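To be precise, the following lines are data-v6.txt, and they hold compact mmCIF, C-alpha atoms.
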# COMPACT_ATOMS: atom_id res chain seq x y z
CA MET A 1107 20.16 -66.65 -16.84
CA THR A 1108 19.34 -63.34 -18.45
CA ASN A 1109 22.11 -60.88 -19.27
CA GLN A 1110 19.75 -57.91 -19.19
CA THR A 1111 21.06 -54.88 -17.38
CA VAL A 1112 19.21 -52.00 -15.74
CA GLU A 1113 20.64 -48.53 -16.13
CA TYR A 1114 19.71 -45.96 -13.52
CA VAL A 1115 20.28 -42.27 -14.19
CA ARG A 1116 19.52 -40.00 -11.25
CA TYR A 1117 18.94 -36.32 -11.91
CA ARG A 1118 18.52 -33.28 -9.73
CA ILE A 1119 16.70 -30.78 -11.93
CA PRO A 1120 15.91 -27.27 -10.67
CA GLU A 1121 12.16 -26.97 -10.39
CA GLU A 1122 11.99 -24.13 -12.91
CA LYS A 1123 13.58 -26.48 -15.50
CA SER A 1124 11.45 -29.54 -14.73
CA ALA A 1125 8.78 -28.88 -17.38
CA GLU A 1126 11.32 -28.52 -20.19
CA PHE A 1127 13.22 -31.55 -18.83
CA LEU A 1128 10.10 -33.71 -19.01
CA ALA A 1129 9.32 -32.41 -22.48
CA ALA A 1130 12.86 -33.20 -23.64
CA TYR A 1131 12.66 -36.76 -22.35
CA THR A 1132 9.24 -37.22 -23.91
CA ARG A 1133 10.87 -36.48 -27.26
CA ALA A 1134 14.02 -38.49 -26.48
CA ALA A 1135 11.93 -41.50 -25.47
CA GLY A 1136 11.09 -42.04 -29.12
CA GLN A 1137 14.70 -43.03 -29.74
CA LEU A 1138 14.63 -45.47 -26.82
CA ALA A 1139 11.41 -47.01 -28.06
CA ALA A 1140 12.95 -47.51 -31.50
CA SER A 1141 16.10 -49.19 -30.20
CA PRO A 1142 16.26 -53.01 -30.37
CA SER A 1143 18.66 -52.84 -27.42
CA CYS A 1144 16.02 -51.26 -25.15
CA VAL A 1145 13.63 -53.58 -23.30
CA ASP A 1146 11.69 -50.84 -21.49
CA TYR A 1147 12.15 -47.48 -19.81
CA GLU A 1148 10.54 -45.26 -17.18
CA LEU A 1149 11.20 -41.78 -15.84
CA ALA A 1150 9.98 -41.29 -12.26
CA ARG A 1151 9.79 -38.13 -10.16
CA CYS A 1152 10.38 -38.04 -6.41
CA GLU A 1153 7.24 -37.31 -4.41
CA GLU A 1154 9.13 -35.88 -1.43
CA ASP A 1155 11.49 -33.69 -3.43
CA PHE A 1156 10.25 -32.64 -6.86
CA GLU A 1157 13.77 -31.81 -8.03
CA HIS A 1158 14.84 -35.47 -8.06
CA PHE A 1159 14.16 -37.75 -11.05
CA VAL A 1160 15.24 -41.33 -11.73
CA LEU A 1161 15.41 -42.69 -15.26
CA ARG A 1162 15.31 -46.50 -15.41
CA ILE A 1163 16.19 -48.20 -18.69
CA THR A 1164 16.37 -51.97 -19.10
CA TRP A 1165 18.84 -52.91 -21.82
CA THR A 1166 19.29 -56.32 -23.43
CA SER A 1167 22.87 -56.13 -22.11
CA THR A 1168 25.40 -53.50 -21.05
CA GLU A 1169 27.32 -54.12 -24.25
CA ASP A 1170 24.18 -53.64 -26.33
CA HIS A 1171 23.70 -50.29 -24.64
CA VAL A 1172 27.28 -49.04 -24.85
CA GLU A 1173 28.30 -50.55 -28.17
CA GLY A 1174 24.85 -50.82 -29.71
CA PHE A 1175 22.59 -47.91 -28.82
CA ARG A 1176 25.33 -45.34 -28.21
CA LYS A 1177 26.90 -46.09 -31.59
CA SER A 1178 23.63 -46.32 -33.46
CA GLU A 1179 21.97 -43.74 -35.68
CA LEU A 1180 19.36 -43.24 -32.94
CA PHE A 1181 21.79 -41.91 -30.37
CA PRO A 1182 22.60 -38.45 -31.82
CA ALA A 1183 18.93 -37.42 -31.71
CA PHE A 1184 18.59 -38.83 -28.19
CA LEU A 1185 21.71 -37.01 -27.00
CA ALA A 1186 20.61 -33.74 -28.57
CA GLU A 1187 17.48 -33.75 -26.40
CA ILE A 1188 19.13 -34.66 -23.09
CA ARG A 1189 22.48 -32.90 -23.47
CA PRO A 1190 21.36 -29.74 -21.58
CA TYR A 1191 20.59 -31.87 -18.52
CA ILE A 1192 23.82 -33.90 -18.34
CA PRO A 1193 25.31 -31.49 -15.75
CA TYR A 1194 22.40 -32.34 -13.44
CA ILE A 1195 23.18 -36.08 -13.36
CA GLU A 1196 24.07 -37.35 -9.88
CA GLU A 1197 24.48 -41.02 -10.81
CA MET A 1198 24.57 -43.04 -14.04
CA ARG A 1199 25.31 -46.76 -13.59
CA HIS A 1200 24.36 -50.21 -14.83
CA TYR A 1201 22.90 -52.75 -12.41
CA THR A 1202 22.53 -56.50 -12.89
CA PRO A 1203 19.19 -57.89 -11.66
CA THR A 1204 19.39 -60.50 -8.91
CA ALA A 1205 17.19 -63.49 -8.16
CA VAL A 1206 15.42 -61.49 -5.43
CA ARG A 1207 12.23 -60.59 -7.26
CA GLY A 1208 8.58 -61.54 -7.40
CA PRO A 1209 5.05 -60.21 -7.65
CA GLY A 1210 3.17 -58.57 -4.83
CA ALA A 1211 -0.39 -59.23 -3.78
CA SER A 1212 -2.03 -56.18 -5.38
CA VAL A 1213 -2.92 -58.24 -8.45
CA PRO A 1214 -4.35 -61.69 -7.69
CA THR A 1215 -2.88 -64.74 -9.36
CA LEU A 1216 -4.92 -66.48 -12.02
CA TYR A 1217 -5.12 -69.38 -9.55
CA ALA A 1218 -6.73 -67.23 -6.86
CA TRP A 1219 -9.00 -65.45 -9.35
CA ALA A 1220 -10.26 -68.80 -10.64
CA GLY A 1221 -11.15 -70.02 -7.16
CA GLY A 1222 -8.09 -71.97 -6.05
CA ALA A 1223 -7.60 -75.73 -5.80
CA GLU A 1224 -11.32 -76.55 -5.71
CA ALA A 1225 -11.94 -74.73 -8.98
CA PHE A 1226 -9.19 -76.59 -10.81
CA ALA A 1227 -10.32 -79.92 -9.35
CA ARG A 1228 -13.84 -79.24 -10.70
CA LEU A 1229 -12.40 -78.20 -14.03
CA THR A 1230 -10.37 -81.35 -14.63
CA GLU A 1231 -13.14 -83.63 -13.39
CA VAL A 1232 -15.60 -82.11 -15.86
CA PHE A 1233 -12.99 -81.95 -18.61
CA TYR A 1234 -11.92 -85.59 -18.51
CA ASP A 1235 -15.52 -86.70 -18.33
CA LYS A 1236 -15.98 -84.91 -21.67
CA VAL A 1237 -12.70 -86.28 -23.06
CA LEU A 1238 -13.59 -89.91 -22.43
CA LYS A 1239 -16.90 -89.44 -24.26
CA ASP A 1240 -15.35 -87.65 -27.22
CA ASP A 1241 -14.73 -89.59 -30.44
CA VAL A 1242 -11.63 -87.57 -31.32
CA LEU A 1243 -9.88 -87.57 -27.92
CA ALA A 1244 -11.02 -90.78 -26.26
CA PRO A 1245 -8.45 -92.90 -28.18
CA VAL A 1246 -5.62 -90.64 -26.99
CA PHE A 1247 -6.61 -91.13 -23.36
CA SER A 1248 -7.43 -94.84 -23.43
CA GLY A 1249 -6.35 -96.51 -20.20
CA LEU A 1250 -6.46 -93.22 -18.31
CA ALA A 1251 -5.23 -93.64 -14.73
CA PRO A 1252 -7.86 -92.79 -12.07
CA GLU A 1253 -5.60 -90.12 -10.56
CA HIS A 1254 -4.85 -88.41 -13.89
CA ALA A 1255 -7.45 -85.66 -13.52
CA ALA A 1256 -6.21 -84.84 -10.02
CA HIS A 1257 -2.61 -84.61 -11.23
CA VAL A 1258 -3.61 -82.27 -14.07
CA ALA A 1259 -5.53 -80.13 -11.56
CA LEU A 1260 -2.30 -79.78 -9.55
CA TRP A 1261 -0.40 -78.94 -12.73
CA LEU A 1262 -2.85 -76.27 -13.85
CA GLY A 1263 -3.05 -74.84 -10.35
CA GLU A 1264 0.72 -74.44 -10.20
CA VAL A 1265 0.92 -73.05 -13.73
CA PHE A 1266 -1.64 -70.37 -12.89
CA GLY A 1267 0.15 -69.22 -9.76
CA GLY A 1268 -0.88 -71.70 -7.08
CA PRO A 1269 1.31 -73.76 -4.73
CA PRO A 1270 4.05 -75.99 -6.22
CA ALA A 1271 2.06 -79.15 -5.52
CA TYR A 1272 2.72 -80.72 -8.91
CA SER A 1273 6.46 -80.06 -8.73
CA GLU A 1274 6.65 -81.56 -5.25
CA ALA A 1275 4.57 -84.65 -6.10
CA GLN A 1276 5.44 -85.32 -9.75
CA GLY A 1277 8.32 -83.19 -10.98
CA GLY A 1278 8.80 -80.24 -13.31
CA HIS A 1279 7.94 -79.45 -16.89
CA GLY A 1280 9.99 -82.35 -18.21
CA HIS A 1281 7.80 -84.81 -16.31
CA MET A 1282 4.67 -83.44 -17.95
CA VAL A 1283 6.30 -83.39 -21.40
CA ALA A 1284 7.35 -87.02 -21.01
CA LYS A 1285 3.69 -88.06 -20.85
CA HIS A 1286 3.22 -86.84 -24.44
CA LEU A 1287 6.24 -88.51 -26.04
CA GLY A 1288 5.30 -90.81 -28.88
CA LYS A 1289 1.59 -89.91 -28.79
CA ASN A 1290 1.64 -88.36 -32.29
CA ILE A 1291 -1.03 -85.83 -31.37
CA THR A 1292 -2.71 -84.28 -34.41
CA GLU A 1293 -3.83 -80.70 -34.91
CA VAL A 1294 -7.45 -81.87 -34.94
CA GLN A 1295 -6.95 -83.52 -31.54
CA ARG A 1296 -5.14 -80.47 -30.17
CA ARG A 1297 -7.91 -78.13 -31.25
CA ARG A 1298 -10.58 -80.42 -29.79
CA TRP A 1299 -8.64 -80.49 -26.48
CA VAL A 1300 -8.65 -76.69 -26.35
CA ASN A 1301 -12.34 -76.47 -27.19
CA LEU A 1302 -13.37 -79.06 -24.62
CA LEU A 1303 -11.25 -77.34 -21.97
CA GLN A 1304 -13.12 -74.09 -22.61
CA ASP A 1305 -16.44 -75.90 -22.41
CA ALA A 1306 -15.34 -77.52 -19.16
CA ALA A 1307 -14.36 -74.12 -17.76
CA ASP A 1308 -17.91 -72.94 -18.43
CA ASP A 1309 -19.49 -76.02 -16.88
CA ALA A 1310 -17.16 -75.92 -13.86
CA GLY A 1311 -18.04 -72.30 -13.12
CA LEU A 1312 -14.64 -70.73 -13.73
CA PRO A 1313 -14.66 -66.92 -14.15
CA THR A 1314 -15.94 -65.73 -17.49
CA ASP A 1315 -14.42 -62.23 -17.53
CA ALA A 1316 -12.49 -61.37 -20.67
CA GLU A 1317 -9.15 -60.95 -18.94
CA PHE A 1318 -9.15 -64.32 -17.19
CA ARG A 1319 -10.44 -66.25 -20.17
CA SER A 1320 -7.93 -64.67 -22.56
CA ALA A 1321 -5.06 -65.69 -20.25
CA PHE A 1322 -6.61 -69.13 -19.72
CA LEU A 1323 -6.96 -69.69 -23.46
CA ALA A 1324 -3.45 -68.38 -24.13
CA TYR A 1325 -2.00 -71.05 -21.87
CA ALA A 1326 -4.17 -73.75 -23.45
CA GLU A 1327 -2.92 -72.74 -26.89
CA TRP A 1328 0.71 -72.61 -25.77
CA GLY A 1329 0.60 -75.85 -23.83
CA THR A 1330 -1.20 -77.88 -26.46
CA ARG A 1331 1.07 -76.70 -29.24
CA LEU A 1332 4.07 -77.83 -27.20
CA ALA A 1333 2.30 -81.14 -26.59
CA VAL A 1334 1.92 -81.65 -30.35
CA HIS A 1335 5.60 -80.82 -30.87
CA PHE A 1336 6.87 -83.18 -28.19
CA SER A 1337 4.53 -85.97 -29.25
CA ALA A 1338 6.09 -86.17 -32.72
CA PRO A 1339 8.41 -89.03 -33.68
CA ASP A 1340 12.12 -88.71 -32.90
CA VAL A 1341 11.71 -85.48 -30.97
CA THR A 1342 14.32 -84.59 -28.39
CA PRO A 1343 12.66 -84.07 -25.00
CA PRO A 1344 13.62 -80.97 -23.01
CA GLY A 1345 15.94 -81.09 -20.05
CA ASP A 1346 14.90 -80.55 -16.48
CA GLN A 1347 12.77 -77.40 -16.42
CA PRO A 1348 10.49 -75.84 -13.81
CA VAL A 1349 6.73 -75.73 -14.23
CA PRO A 1350 5.89 -72.61 -16.27
CA ARG A 1351 4.15 -69.79 -14.41
CA TRP A 1352 1.37 -68.10 -16.36
CA THR A 1353 0.30 -64.52 -15.64
CA TRP A 1354 -2.35 -62.12 -16.85
CA GLY A 1355 -0.19 -60.99 -19.73
CA ALA A 1356 -1.36 -57.85 -21.49
CA ALA A 1357 -4.57 -57.38 -19.54
CA PRO A 1358 -4.66 -57.62 -15.73
CA PRO A 1359 -8.02 -58.35 -14.10
CA TYR A 1360 -10.63 -55.63 -14.36
CA GLN A 1361 -11.45 -54.41 -10.88
CA PRO A 1362 -13.79 -51.39 -10.78

Could you show the structure in this file as structure tokens?
Amino acid sequence: MTNQTVEYVRYRIPEEKSAEFLAAYTRAAGQLAASPSCVDYELARCEEDFEHFVLRITWTSTEDHVEGFRKSELFPAFLAEIRPYIPYIEEMRHYTPTAVRGPGASVPTLYAWAGGAEAFARLTEVFYDKVLKDDVLAPVFSGLAPEHAAHVALWLGEVFGGPPAYSEAQGGHGHMVAKHLGKNITEVQRRRWVNLLQDAADDAGLPTDAEFRSAFLAYAEWGTRLAVHFSAPDVTPPGDQPVPRWTWGAAPPYQP
């Protein structure tokens, strides 16, 4: 569980002071951006009543805010900018995030963007056909079960935002990790796996836009590097963990 806290500061600023208020917070934001206690921040203005503003700051913890930022060398400069507007504060409190959260549908999941279950089934079918013909990877996958490609398709589909079919049929992240224990996967094999997966994505007709492929490759790099780690001798396997959920990351899909 995260111990991050969200501070909300609600202001009612007379309209004739709003421009200088925004300018002051633009300057003060530099101190927030420089603070290791600050995760992110945003100042929003009410559309229905221009006098109302809400400042939202996510802190690494309430203690890090109160004992860290407020007692740091950054705080005096921050306070000097916002001090004239303290009398206009209507609320200033810390809130703990709850488990009620999730994405909306305005940005499609990577799963939907790729084409859903059929796309990932094509991908793994093409991929394992390449793997079994590859001199570097074929020894790793000797004795491959007939249903392996289908299971990996469920895994990738869930990872990229699809239904929890792998979790329901096979288990969580620990179940997938267990399949790599003792395999002693090399860096050469890992890199070949990543390269063949990209080739398979081309052959299977997955989207080729920069945003999707960068996210797709990022997961392949992350997942294969964990596979190498957990395939090493005497490694301690992880506990029960959910299937990771991959998102667009830094670049959401380009939609003109």

Inset, instruction - Select, counting only C-alpha atoms, all protein, DNA and RNA residues no farther than 12 Å from (24.2, -55.8, -24.0) in file coordinates, and express the selection as a VMD selection string. - result: chain A and resid 1108 to 1113 1142 to 1145 1164 to 1176 1200 1202

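The list of residues with at least one atom within 12 Å of Val1341 of chain A, based on all atoms listed in the file and without residues fewer than 4 positions apart in the same chain, reads Val1283, Ala1284, His1286, Leu1287, Gly1288, Lys1289, Asn1290, Leu1332, Ala1333, Val1334, His1335, Phe1336 and Ser1337 of chain A.
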
So that all listed atoms of segment 1153-1157 of chain A fit with 3 Å spare on each side, what axis-aligned box centre and edge lengths in Å, to one decimal, would you give as JSON?
{"center_x": 10.5, "center_y": -34.6, "center_z": -4.7, "size_x": 12.5, "size_y": 11.5, "size_z": 12.6}

Inset, instruction - Between A:Val1160, A:Leu1229, A:Cys1152, A:Val1242, single out the one closest to Glu1293 of chain A, counting only C-alpha atoms. - result: A:Val1242

Legend entry - Computed interatomic separation between atom CA of Ala1256 of chain A and atom CA of Gly1355 of chain A (Å): 26.4 Å

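Considering the residues A:Gly1221, A:Pro1348, A:Gly1210, A:Pro1245 and counting all atoms listed in the file, Gln1295 of chain A has its shortest atom-to-atom contact with A:Pro1245.
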
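Between Val1300 of chain A and the candidates A:Ile1163, A:Leu1243, A:Ile1188, A:Leu1323, the tightest atom-to-atom separation, counting only C-alpha atoms, involves A:Leu1323.
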
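Atom pair atom CA of Arg1298 of chain A / atom CA of Asp1340 of chain A has a distance of 24.4 Å (rounded to one decimal).
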
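In this model, the gap between atom CA of Asp1305 of chain A and atom CA of Val1349 of chain A comes to 24.6 Å.
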
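With distances restricted to only C-alpha atoms, A:Glu1187 is the closest residue to Gly1136 of chain A from A:Phe1322, A:Leu1216, A:Glu1187, A:Thr1330.
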
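When all atoms listed in the file are used to measure the gap to Glu1327 of chain A, the shortest distance among A:Arg1297, A:Pro1269, A:Asp1146, A:Pro1313 belongs to A:Arg1297.
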
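With distances restricted to only C-alpha atoms, A:Leu1161 is the closest residue to Met1198 of chain A from A:Leu1161, A:Leu1250, A:Leu1149, A:Val1265.
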
Legend entry - Neighbour list for Gly1267 of chain A as a ChimeraX atom specification, cut-off 8 Å, only C-alpha atoms, skip fewer than 4 positions in-chain: /A:1215-1218,1263,1351-1353

Take the selection from the previous step and output its residues with C-alpha atoms, as a short mmCIF file (atom, residue, chain, number, x, y, z; two decimals), keeping the file's coordinate frame.
data_model
loop_
_atom_site.label_atom_id
_atom_site.label_comp_id
_atom_site.auth_asym_id
_atom_site.auth_seq_id
_atom_site.Cartn_x
_atom_site.Cartn_y
_atom_site.Cartn_z
CA THR A 1215 -2.88 -64.74 -9.36
CA LEU A 1216 -4.92 -66.48 -12.02
CA TYR A 1217 -5.12 -69.38 -9.55
CA ALA A 1218 -6.73 -67.23 -6.86
CA GLY A 1263 -3.05 -74.84 -10.35
CA ARG A 1351 4.15 -69.79 -14.41
CA TRP A 1352 1.37 -68.10 -16.36
CA THR A 1353 0.30 -64.52 -15.64
#

Since the input lacks some atoms of segment 1210-1228 of chain A, please model N, CA and C atoms and print them as a short mmCIF file (atom, residue, chain, number, x, y, z; two decimals), in the coordinates of the input.
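Once everything was written out, this is result.cif:
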data_model
loop_
_atom_site.label_atom_id
_atom_site.label_comp_id
_atom_site.auth_asym_id
_atom_site.auth_seq_id
_atom_site.Cartn_x
_atom_site.Cartn_y
_atom_site.Cartn_z
N GLY A 1210 3.85 -58.85 -6.08
CA GLY A 1210 3.17 -58.57 -4.83
C GLY A 1210 1.74 -59.09 -4.88
N ALA A 1211 0.96 -58.70 -3.89
CA ALA A 1211 -0.39 -59.23 -3.78
C ALA A 1211 -1.45 -58.26 -4.31
N SER A 1212 -1.03 -57.14 -4.91
CA SER A 1212 -2.03 -56.18 -5.38
C SER A 1212 -2.84 -56.73 -6.54
N VAL A 1213 -2.22 -57.58 -7.35
CA VAL A 1213 -2.92 -58.24 -8.45
C VAL A 1213 -3.03 -59.72 -8.11
N PRO A 1214 -4.21 -60.27 -8.03
CA PRO A 1214 -4.35 -61.69 -7.69
C PRO A 1214 -3.77 -62.59 -8.77
N THR A 1215 -3.32 -63.77 -8.37
CA THR A 1215 -2.88 -64.74 -9.36
C THR A 1215 -4.10 -65.26 -10.12
N LEU A 1216 -3.85 -65.83 -11.28
CA LEU A 1216 -4.92 -66.48 -12.02
C LEU A 1216 -5.51 -67.62 -11.20
N TYR A 1217 -4.68 -68.28 -10.42
CA TYR A 1217 -5.12 -69.38 -9.55
C TYR A 1217 -6.14 -68.87 -8.54
N ALA A 1218 -5.81 -67.78 -7.86
CA ALA A 1218 -6.73 -67.23 -6.86
C ALA A 1218 -7.99 -66.70 -7.52
N TRP A 1219 -7.85 -66.02 -8.65
CA TRP A 1219 -9.00 -65.45 -9.35
C TRP A 1219 -9.98 -66.54 -9.79
N ALA A 1220 -9.42 -67.69 -10.18
CA ALA A 1220 -10.26 -68.80 -10.64
C ALA A 1220 -11.02 -69.47 -9.52
N GLY A 1221 -10.49 -69.37 -8.29
CA GLY A 1221 -11.15 -70.02 -7.16
C GLY A 1221 -10.31 -71.04 -6.44
N GLY A 1222 -9.00 -71.10 -6.77
CA GLY A 1222 -8.09 -71.97 -6.05
C GLY A 1222 -8.20 -73.44 -6.42
N ALA A 1223 -7.71 -74.29 -5.53
CA ALA A 1223 -7.60 -75.73 -5.80
C ALA A 1223 -8.95 -76.35 -6.15
N GLU A 1224 -10.01 -75.95 -5.45
CA GLU A 1224 -11.32 -76.55 -5.71
C GLU A 1224 -11.79 -76.27 -7.12
N ALA A 1225 -11.51 -75.08 -7.63
CA ALA A 1225 -11.94 -74.73 -8.98
C ALA A 1225 -11.23 -75.59 -10.02
N PHE A 1226 -9.93 -75.80 -9.84
CA PHE A 1226 -9.19 -76.59 -10.81
C PHE A 1226 -9.52 -78.08 -10.69
N ALA A 1227 -9.87 -78.53 -9.50
CA ALA A 1227 -10.32 -79.92 -9.35
C ALA A 1227 -11.64 -80.12 -10.09
N ARG A 1228 -12.57 -79.16 -9.97
CA ARG A 1228 -13.84 -79.24 -10.70
C ARG A 1228 -13.59 -79.24 -12.20
#
